[in-house]
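Structure file upload.cif (mmCIF, C-alpha atoms; chains and numbers go by the auth columns) follows.
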```
data_entry
loop_
_atom_site.group_PDB
_atom_site.id
_atom_site.type_symbol
_atom_site.label_atom_id
_atom_site.label_comp_id
_atom_site.label_asym_id
_atom_site.label_seq_id
_atom_site.Cartn_x
_atom_site.Cartn_y
_atom_site.Cartn_z
_atom_site.B_iso_or_equiv
_atom_site.auth_seq_id
_atom_site.auth_asym_id
ATOM 1 C CA MET A 1 20.449 -18.659 16.516 0.00 1 Q
ATOM 2 C CA GLU A 2 18.287 -18.313 19.615 0.00 2 Q
ATOM 3 C CA ALA A 3 14.586 -18.869 18.968 0.00 3 Q
ATOM 4 C CA PRO A 4 12.060 -16.447 20.449 0.00 4 Q
ATOM 5 C CA PRO A 5 9.439 -17.637 22.950 0.00 5 Q
ATOM 6 C CA GLY A 6 6.940 -19.574 20.860 0.00 6 Q
ATOM 7 C CA GLY A 7 9.657 -20.653 18.406 0.00 7 Q
ATOM 8 C CA THR A 8 8.665 -21.108 14.786 0.00 8 Q
ATOM 9 C CA VAL A 9 5.041 -20.192 15.511 0.00 9 Q
ATOM 10 C CA ALA A 10 6.154 -16.779 16.814 0.00 10 Q
ATOM 11 C CA ILE A 11 8.290 -16.177 13.702 0.00 11 Q
ATOM 12 C CA LEU A 12 5.453 -17.219 11.384 0.00 12 Q
ATOM 13 C CA THR A 13 2.979 -15.080 13.351 0.00 13 Q
ATOM 14 C CA GLY A 14 5.287 -12.092 12.949 0.00 14 Q
ATOM 15 C CA ALA A 15 5.652 -12.830 9.248 0.00 15 Q
ATOM 16 C CA ALA A 16 1.856 -13.036 8.924 0.00 16 Q
ATOM 17 C CA LEU A 17 1.487 -9.647 10.617 0.00 17 Q
ATOM 18 C CA CYS A 18 4.060 -8.181 8.250 0.00 18 Q
ATOM 19 C CA PHE A 19 2.257 -9.741 5.314 0.00 19 Q
ATOM 20 C CA PHE A 20 -1.014 -8.211 6.520 0.00 20 Q
ATOM 21 C CA ALA A 21 0.772 -4.863 6.693 0.00 21 Q
ATOM 22 C CA PHE A 22 1.508 -5.242 2.976 0.00 22 Q
ATOM 23 C CA THR A 23 -1.954 -4.072 2.025 0.00 23 Q
ATOM 24 C CA GLY A 24 -2.829 -2.876 -1.400 0.00 24 Q
ATOM 25 C CA PHE A 25 -3.416 -6.108 -3.270 0.00 25 Q
ATOM 26 C CA GLU A 26 -7.060 -5.132 -3.614 0.00 26 Q
ATOM 27 C CA GLY A 27 -5.943 -1.982 -5.418 0.00 27 Q
ATOM 28 C CA ALA A 28 -4.804 -4.042 -8.390 0.00 28 Q
ATOM 29 C CA VAL A 29 -8.365 -4.619 -9.513 0.00 29 Q
ATOM 30 C CA LYS A 30 -8.977 -0.872 -9.664 0.00 30 Q
ATOM 31 C CA VAL A 31 -6.693 -0.620 -12.688 0.00 31 Q
ATOM 32 C CA ALA A 32 -8.066 -3.728 -14.404 0.00 32 Q
ATOM 33 C CA GLU A 33 -9.424 -1.794 -17.374 0.00 33 Q
ATOM 34 C CA GLU A 34 -5.917 -0.521 -18.088 0.00 34 Q
ATOM 35 C CA THR A 35 -4.428 -4.023 -17.952 0.00 35 Q
ATOM 36 C CA LYS A 36 -3.882 -6.256 -20.957 0.00 36 Q
ATOM 37 C CA ASN A 37 -5.778 -9.545 -20.540 0.00 37 Q
ATOM 38 C CA PRO A 38 -6.852 -8.719 -16.938 0.00 38 Q
ATOM 39 C CA GLU A 39 -8.674 -12.036 -16.368 0.00 39 Q
ATOM 40 C CA ARG A 40 -5.346 -13.851 -16.715 0.00 40 Q
ATOM 41 C CA ASN A 41 -2.762 -11.270 -15.677 0.00 41 Q
ATOM 42 C CA ILE A 42 -4.275 -9.803 -12.491 0.00 42 Q
ATOM 43 C CA PRO A 43 -4.729 -13.112 -10.589 0.00 43 Q
ATOM 44 C CA ARG A 44 -1.329 -14.291 -11.803 0.00 44 Q
ATOM 45 C CA GLY A 45 0.291 -11.019 -10.713 0.00 45 Q
ATOM 46 C CA LEU A 46 -1.416 -11.119 -7.323 0.00 46 Q
ATOM 47 C CA PHE A 47 -0.304 -14.683 -6.597 0.00 47 Q
ATOM 48 C CA ILE A 48 3.259 -14.000 -7.739 0.00 48 Q
ATOM 49 C CA ALA A 49 3.450 -10.761 -5.732 0.00 49 Q
ATOM 50 C CA ALA A 50 1.998 -12.406 -2.616 0.00 50 Q
ATOM 51 C CA THR A 51 4.474 -15.276 -2.868 0.00 51 Q
ATOM 52 C CA VAL A 52 7.454 -12.952 -3.378 0.00 52 Q
ATOM 53 C CA VAL A 53 6.406 -10.693 -0.479 0.00 53 Q
ATOM 54 C CA MET A 54 5.864 -13.662 1.825 0.00 54 Q
ATOM 55 C CA CYS A 55 9.317 -15.041 0.964 0.00 55 Q
ATOM 56 C CA ILE A 56 10.980 -11.659 1.504 0.00 56 Q
ATOM 57 C CA TYR A 57 9.248 -11.106 4.866 0.00 57 Q
ATOM 58 C CA LEU A 58 10.038 -14.621 6.065 0.00 58 Q
ATOM 59 C CA THR A 59 13.675 -14.330 4.968 0.00 59 Q
ATOM 60 C CA MET A 60 13.999 -10.924 6.632 0.00 60 Q
ATOM 61 C CA ALA A 61 12.483 -12.236 9.866 0.00 61 Q
ATOM 62 C CA ILE A 62 14.921 -15.156 9.975 0.00 62 Q
ATOM 63 C CA VAL A 63 17.942 -12.985 9.107 0.00 63 Q
ATOM 64 C CA VAL A 64 17.043 -10.286 11.637 0.00 64 Q
ATOM 65 C CA VAL A 65 16.427 -12.742 14.491 0.00 65 Q
ATOM 66 C CA SER A 66 19.659 -14.576 13.681 0.00 66 Q
ATOM 67 C CA MET A 67 21.747 -11.362 13.838 0.00 67 Q
ATOM 68 C CA ILE A 68 20.401 -9.761 17.018 0.00 68 Q
ATOM 69 C CA PRO A 69 18.734 -11.500 19.985 0.00 69 Q
ATOM 70 C CA PHE A 70 14.947 -11.085 19.907 0.00 70 Q
ATOM 71 C CA GLY A 71 14.954 -9.354 23.319 0.00 71 Q
ATOM 72 C CA GLU A 72 17.206 -6.613 21.975 0.00 72 Q
ATOM 73 C CA LEU A 73 15.066 -6.303 18.826 0.00 73 Q
ATOM 74 C CA GLU A 74 11.924 -6.018 20.927 0.00 74 Q
ATOM 75 C CA SER A 75 13.299 -3.015 22.801 0.00 75 Q
ATOM 76 C CA SER A 76 14.486 -1.253 19.629 0.00 76 Q
ATOM 77 C CA ASP A 77 12.416 1.512 18.038 0.00 77 Q
ATOM 78 C CA SER A 78 13.727 0.513 14.599 0.00 78 Q
ATOM 79 C CA PRO A 79 14.809 -3.148 14.632 0.00 79 Q
ATOM 80 C CA LEU A 80 15.760 -3.434 10.945 0.00 80 Q
ATOM 81 C CA SER A 81 17.874 -0.307 11.201 0.00 81 Q
ATOM 82 C CA ALA A 82 19.588 -1.778 14.284 0.00 82 Q
ATOM 83 C CA VAL A 83 20.457 -4.953 12.364 0.00 83 Q
ATOM 84 C CA VAL A 84 21.827 -3.032 9.381 0.00 84 Q
ATOM 85 C CA GLU A 85 23.752 -0.651 11.645 0.00 85 Q
ATOM 86 C CA LYS A 86 25.341 -3.622 13.426 0.00 86 Q
ATOM 87 C CA ARG A 87 26.582 -5.019 10.106 0.00 87 Q
ATOM 88 C CA PHE A 88 27.239 -1.894 7.986 0.00 88 Q
ATOM 89 C CA GLY A 89 27.553 0.925 10.512 0.00 89 Q
ATOM 90 C CA ARG A 90 25.780 4.268 10.599 0.00 90 Q
ATOM 91 C CA THR A 91 25.913 4.650 6.788 0.00 91 Q
ATOM 92 C CA GLY A 92 23.960 1.415 6.346 0.00 92 Q
ATOM 93 C CA ALA A 93 21.316 2.606 8.825 0.00 93 Q
ATOM 94 C CA LEU A 94 20.950 5.872 6.870 0.00 94 Q
ATOM 95 C CA VAL A 95 20.551 3.927 3.620 0.00 95 Q
ATOM 96 C CA ILE A 96 17.782 1.830 5.228 0.00 96 Q
ATOM 97 C CA ALA A 97 16.080 5.038 6.400 0.00 97 Q
ATOM 98 C CA ALA A 98 16.207 6.400 2.827 0.00 98 Q
ATOM 99 C CA VAL A 99 14.799 3.133 1.457 0.00 99 Q
ATOM 100 C CA ALA A 100 11.970 3.269 4.031 0.00 100 Q
ATOM 101 C CA LEU A 101 11.201 6.859 3.000 0.00 101 Q
ATOM 102 C CA PHE A 102 11.098 5.863 -0.674 0.00 102 Q
ATOM 103 C CA SER A 103 8.936 2.852 0.150 0.00 103 Q
ATOM 104 C CA THR A 104 6.468 5.047 2.036 0.00 104 Q
ATOM 105 C CA SER A 105 6.208 7.523 -0.825 0.00 105 Q
ATOM 106 C CA ASN A 106 5.671 4.633 -3.239 0.00 106 Q
ATOM 107 C CA SER A 107 2.800 3.407 -1.062 0.00 107 Q
ATOM 108 C CA LEU A 108 1.268 6.875 -1.167 0.00 108 Q
ATOM 109 C CA LEU A 109 1.512 6.953 -4.959 0.00 109 Q
ATOM 110 C CA SER A 110 -0.112 3.530 -5.149 0.00 110 Q
ATOM 111 C CA ASN A 111 -2.961 4.698 -2.920 0.00 111 Q
ATOM 112 C CA MET A 112 -3.454 7.796 -5.080 0.00 112 Q
ATOM 113 C CA LEU A 113 -3.609 5.575 -8.160 0.00 113 Q
ATOM 114 C CA GLY A 114 -6.364 3.459 -6.602 0.00 114 Q
ATOM 115 C CA ALA A 115 -8.233 6.493 -5.231 0.00 115 Q
ATOM 116 C CA SER A 116 -8.234 8.127 -8.661 0.00 116 Q
ATOM 117 C CA ARG A 117 -9.840 5.022 -10.170 0.00 117 Q
ATOM 118 C CA VAL A 118 -12.521 5.061 -7.476 0.00 118 Q
ATOM 119 C CA LEU A 119 -13.170 8.748 -8.247 0.00 119 Q
ATOM 120 C CA LEU A 120 -13.278 7.869 -11.958 0.00 120 Q
ATOM 121 C CA ASN A 121 -16.067 5.383 -11.236 0.00 121 Q
ATOM 122 C CA PHE A 122 -17.856 7.974 -9.102 0.00 122 Q
ATOM 123 C CA GLY A 123 -17.771 10.251 -12.146 0.00 123 Q
ATOM 124 C CA ARG A 124 -19.121 7.526 -14.402 0.00 124 Q
ATOM 125 C CA ASN A 125 -21.995 6.744 -12.033 0.00 125 Q
ATOM 126 C CA SER A 126 -22.941 10.222 -10.805 0.00 126 Q
ATOM 127 C CA HIS A 127 -24.168 13.107 -12.917 0.00 127 Q
ATOM 128 C CA LYS A 128 -22.835 15.645 -10.375 0.00 128 Q
ATOM 129 C CA LEU A 129 -19.297 14.204 -10.553 0.00 129 Q
ATOM 130 C CA LYS A 130 -19.275 13.582 -14.321 0.00 130 Q
ATOM 131 C CA GLY A 131 -16.088 15.685 -14.721 0.00 131 Q
ATOM 132 C CA LEU A 132 -14.115 13.034 -12.843 0.00 132 Q
ATOM 133 C CA SER A 133 -14.902 10.481 -15.546 0.00 133 Q
ATOM 134 C CA LYS A 134 -12.767 12.209 -18.189 0.00 134 Q
ATOM 135 C CA VAL A 135 -9.670 10.258 -19.248 0.00 135 Q
ATOM 136 C CA LEU A 136 -6.668 11.205 -21.349 0.00 136 Q
ATOM 137 C CA PRO A 137 -7.156 10.046 -24.937 0.00 137 Q
ATOM 138 C CA GLY A 138 -3.951 8.062 -25.464 0.00 138 Q
ATOM 139 C CA ARG A 139 -3.330 6.448 -22.099 0.00 139 Q
ATOM 140 C CA ARG A 140 -6.894 6.432 -20.751 0.00 140 Q
ATOM 141 C CA THR A 141 -5.575 7.876 -17.470 0.00 141 Q
ATOM 142 C CA PRO A 142 -8.178 9.688 -15.324 0.00 142 Q
ATOM 143 C CA ALA A 143 -6.114 12.869 -14.979 0.00 143 Q
ATOM 144 C CA ARG A 144 -8.820 14.970 -13.262 0.00 144 Q
ATOM 145 C CA ALA A 145 -9.586 12.240 -10.758 0.00 145 Q
ATOM 146 C CA LEU A 146 -5.862 11.781 -10.103 0.00 146 Q
ATOM 147 C CA LEU A 147 -5.460 15.522 -9.444 0.00 147 Q
ATOM 148 C CA VAL A 148 -8.427 15.487 -7.048 0.00 148 Q
ATOM 149 C CA ALA A 149 -6.970 12.478 -5.190 0.00 149 Q
ATOM 150 C CA ALA A 150 -3.571 14.207 -4.996 0.00 150 Q
ATOM 151 C CA GLY A 151 -5.215 17.402 -3.751 0.00 151 Q
ATOM 152 C CA LEU A 152 -7.107 15.527 -1.042 0.00 152 Q
ATOM 153 C CA GLY A 153 -3.884 13.794 -0.038 0.00 153 Q
ATOM 154 C CA MET A 154 -2.109 17.144 0.242 0.00 154 Q
ATOM 155 C CA LEU A 155 -4.926 18.532 2.378 0.00 155 Q
ATOM 156 C CA PHE A 156 -4.668 15.556 4.719 0.00 156 Q
ATOM 157 C CA SER A 157 -0.912 16.092 4.985 0.00 157 Q
ATOM 158 C CA LEU A 158 -1.578 19.539 6.468 0.00 158 Q
ATOM 159 C CA ILE A 159 -3.183 17.911 9.500 0.00 159 Q
ATOM 160 C CA GLY A 160 0.285 17.535 11.011 0.00 160 Q
ATOM 161 C CA LYS A 161 0.371 14.355 13.030 0.00 161 Q
ATOM 162 C CA VAL A 162 0.791 11.066 11.186 0.00 162 Q
ATOM 163 C CA GLU A 163 -1.902 9.381 13.268 0.00 163 Q
ATOM 164 C CA LYS A 164 -4.467 12.037 12.316 0.00 164 Q
ATOM 165 C CA ALA A 165 -3.432 11.950 8.654 0.00 165 Q
ATOM 166 C CA THR A 166 -3.698 8.157 8.637 0.00 166 Q
ATOM 167 C CA ALA A 167 -7.151 8.355 10.192 0.00 167 Q
ATOM 168 C CA GLY A 168 -8.141 10.896 7.540 0.00 168 Q
ATOM 169 C CA ILE A 169 -6.848 8.725 4.738 0.00 169 Q
ATOM 170 C CA GLU A 170 -8.670 5.691 6.128 0.00 170 Q
ATOM 171 C CA ALA A 171 -11.859 7.756 6.424 0.00 171 Q
ATOM 172 C CA ARG A 172 -11.452 8.911 2.812 0.00 172 Q
ATOM 173 C CA TYR A 173 -10.891 5.311 1.706 0.00 173 Q
ATOM 174 C CA LEU A 174 -14.008 4.113 3.542 0.00 174 Q
ATOM 175 C CA TRP A 175 -15.994 7.016 2.085 0.00 175 Q
ATOM 176 C CA HIS A 176 -14.893 5.975 -1.407 0.00 176 Q
ATOM 177 C CA GLU A 177 -15.690 2.312 -0.882 0.00 177 Q
ATOM 178 C CA PHE A 178 -19.101 2.918 0.709 0.00 178 Q
ATOM 179 C CA GLY A 179 -19.898 5.542 -1.907 0.00 179 Q
ATOM 180 C CA GLU A 180 -19.021 3.154 -4.721 0.00 180 Q
ATOM 181 C CA VAL A 181 -21.198 0.422 -3.226 0.00 181 Q
ATOM 182 C CA HIS A 182 -24.053 2.931 -2.809 0.00 182 Q
ATOM 183 C CA LEU A 183 -23.768 3.994 -6.454 0.00 183 Q
ATOM 184 C CA LEU A 184 -23.721 0.377 -7.615 0.00 184 Q
ATOM 185 C CA LEU A 185 -26.820 -0.472 -5.593 0.00 185 Q
ATOM 186 C CA ARG A 186 -28.825 2.506 -6.900 0.00 186 Q
#
```
Represent the structure from my file as structure tokens, please.
Amino acid sequence: MEAPPGGTVAILTGAALCFFAFTGFEGAVKVAEETKNPERNIPRGLFIAATVVMCIYLTMAIVVVSMIPFGELESSDSPLSAVVEKRFGRTGALVIAAVALFSTSNSLLSNMLGASRVLLNFGRNSHKLKGLSKVLPGRRTPARALLVAAGLGMLFSLIGKVEKATAGIEARYLWHEFGEVHLLLR
């Protein structure tokens, strides 16, 4: 296996960037009230998840760099797909594309889950948004807030370009976070 310029430090730096890309850990606290024994289970779950993700990313980085020279990976638009295609052919690359699509949709669902909890808290703290604080009786799921979050997500998807949609989602996220802080400080 040929090491990239920078050796182990470069591999670990890449793994750290990938780990940073695995955002969403902070979203776990948004569902704390729906978690059994959250004081114990949320920190434990976060540490276990972070460890598993770090191991997966590090393993993937080592496997990928050992299969294809780093120079070739650098010039590829989809390096993981290139590695899988080299080993399993075009069918393997299509399977990886399907997995990536599923993974992306799962991330969107996770973001909607967190956004609905933020909207739920808006409803609890604001008389004008009180309707968002309603939860389903059995599961305590904020159905109205979830529908509003889904609706906003659909509106952002109409923007067209991924970059613009991402900017819109980030702006919505910041609006939620700043709004929640404002309501808490009132």
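Comparing Q:Lys36, Q:Lys128, Q:Lys30, Q:Arg117 by their smallest distance to Q:Arg144, the closest is Q:Arg117 (using all atoms listed in the file).
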Seminar exercise, completed: Students should find that atom CA of Q:Ser110 and atom CA of Q:Ala149 are spaced 11.3 Å
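The interatomic distance for the pair atom CA of Q:Val118 and atom CA of Q:Phe47 works out to 23.2 Å.
Between atom CA of Q:Ala50 and atom CA of Q:Ser78 there is a distance of 24.5 Å.
Taking all atoms listed in the file into account, Q:Leu108 lies nearest to Q:Ala150 out of the set Q:Ala150, Q:Ala32, Q:Ala61, Q:Ala49.
Residues in contact with Q:Thr35 at 12 Å, where only C-alpha atoms are counted and same-chain residues fewer than 6 positions away are skipped, are listed as Ala28, Val29, Asn41, Ile42, Pro43, Gly45, Arg139, Arg140 and Thr141 of chain Q.
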Exercise. When distances are computed from all atoms listed in the file, which of Q:Asn106, Q:Ser81, Q:Phe122, Q:Gly138 shows the smallest separation from Q:Leu94?
Worked result: Q:Ser81
Exercise. Which of these, Q:Leu12, Q:Leu113, Q:Ala100, Q:Met154, has the shortest distance to Q:Leu80 once you count only C-alpha atoms?
Worked result: Q:Ala100
List as a PDB file with C-alpha atoms, keeping the file's coordinate frame the protein and nucleic acid residues near Q:Pro142, meaning an atom at most 10 Å away when all atoms listed in the file are counted, but skip any in the same chain fewer than 6 places from it.
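Written out: selection16.pdb:
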```
ATOM      1  CA  LEU Q 113      -3.609   5.575  -8.160  1.00  0.00           C
ATOM      2  CA  SER Q 116      -8.234   8.127  -8.661  1.00  0.00           C
ATOM      3  CA  ARG Q 117      -9.840   5.022 -10.170  1.00  0.00           C
ATOM      4  CA  LEU Q 119     -13.170   8.748  -8.247  1.00  0.00           C
ATOM      5  CA  LEU Q 120     -13.278   7.869 -11.958  1.00  0.00           C
ATOM      6  CA  ASN Q 121     -16.067   5.383 -11.236  1.00  0.00           C
ATOM      7  CA  GLY Q 131     -16.088  15.685 -14.721  1.00  0.00           C
ATOM      8  CA  LEU Q 132     -14.115  13.034 -12.843  1.00  0.00           C
ATOM      9  CA  SER Q 133     -14.902  10.481 -15.546  1.00  0.00           C
ATOM     10  CA  LYS Q 134     -12.767  12.209 -18.189  1.00  0.00           C
ATOM     11  CA  VAL Q 135      -9.670  10.258 -19.248  1.00  0.00           C
ATOM     12  CA  LEU Q 136      -6.668  11.205 -21.349  1.00  0.00           C
TER      13      LEU Q 136
END
```
What are the centre and edge lengths in Å, to one decimal, of the axis-aligned box around all listed atoms of stretch 134-146 of chain Q with 8 Å added on each side, as AutoDock Vina command-line options?
```
--center_x -8.0 --center_y 10.7 --center_z -17.8 --size_x 25.4 --size_y 24.5 --size_z 31.4
```
Exercise. So, counting all atoms listed in the file, which residue among Q:Leu109, Q:Val64, Q:Val148, Q:Leu46 is closest to Q:Leu129?
Worked result: Q:Val148
Problem set entry | Residues within 12 Å of Q:Arg87, all atoms listed in the file, excluding chain neighbours under 4 positions, as a PyMOL selection string | chain Q and resi 63-64+67-68+80-83+91-93
Export of the given selection (C-alpha atoms) as a PDB file, in the frame of the given file:
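New file out38.pdb:
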```pdb
ATOM      1  CA  VAL Q  63      17.942 -12.985   9.107  1.00  0.00           C
ATOM      2  CA  VAL Q  64      17.043 -10.286  11.637  1.00  0.00           C
ATOM      3  CA  MET Q  67      21.747 -11.362  13.838  1.00  0.00           C
ATOM      4  CA  ILE Q  68      20.401  -9.761  17.018  1.00  0.00           C
ATOM      5  CA  LEU Q  80      15.760  -3.434  10.945  1.00  0.00           C
ATOM      6  CA  SER Q  81      17.874  -0.307  11.201  1.00  0.00           C
ATOM      7  CA  ALA Q  82      19.588  -1.778  14.284  1.00  0.00           C
ATOM      8  CA  VAL Q  83      20.457  -4.953  12.364  1.00  0.00           C
ATOM      9  CA  THR Q  91      25.913   4.650   6.788  1.00  0.00           C
ATOM     10  CA  GLY Q  92      23.960   1.415   6.346  1.00  0.00           C
ATOM     11  CA  ALA Q  93      21.316   2.606   8.825  1.00  0.00           C
TER      12      ALA Q  93
END
```
Problem set entry | Contacts of Q:Pro79 within 10 Å, only C-alpha atoms, excl. fewer than 5 positions in-chain, as a count of residues only | 9
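Candidate residues Q:Ser157, Q:Val9, Q:Thr104, Q:Ala145 were compared for distance to Q:Arg124, and the nearest is Q:Ala145, using only C-alpha atoms.
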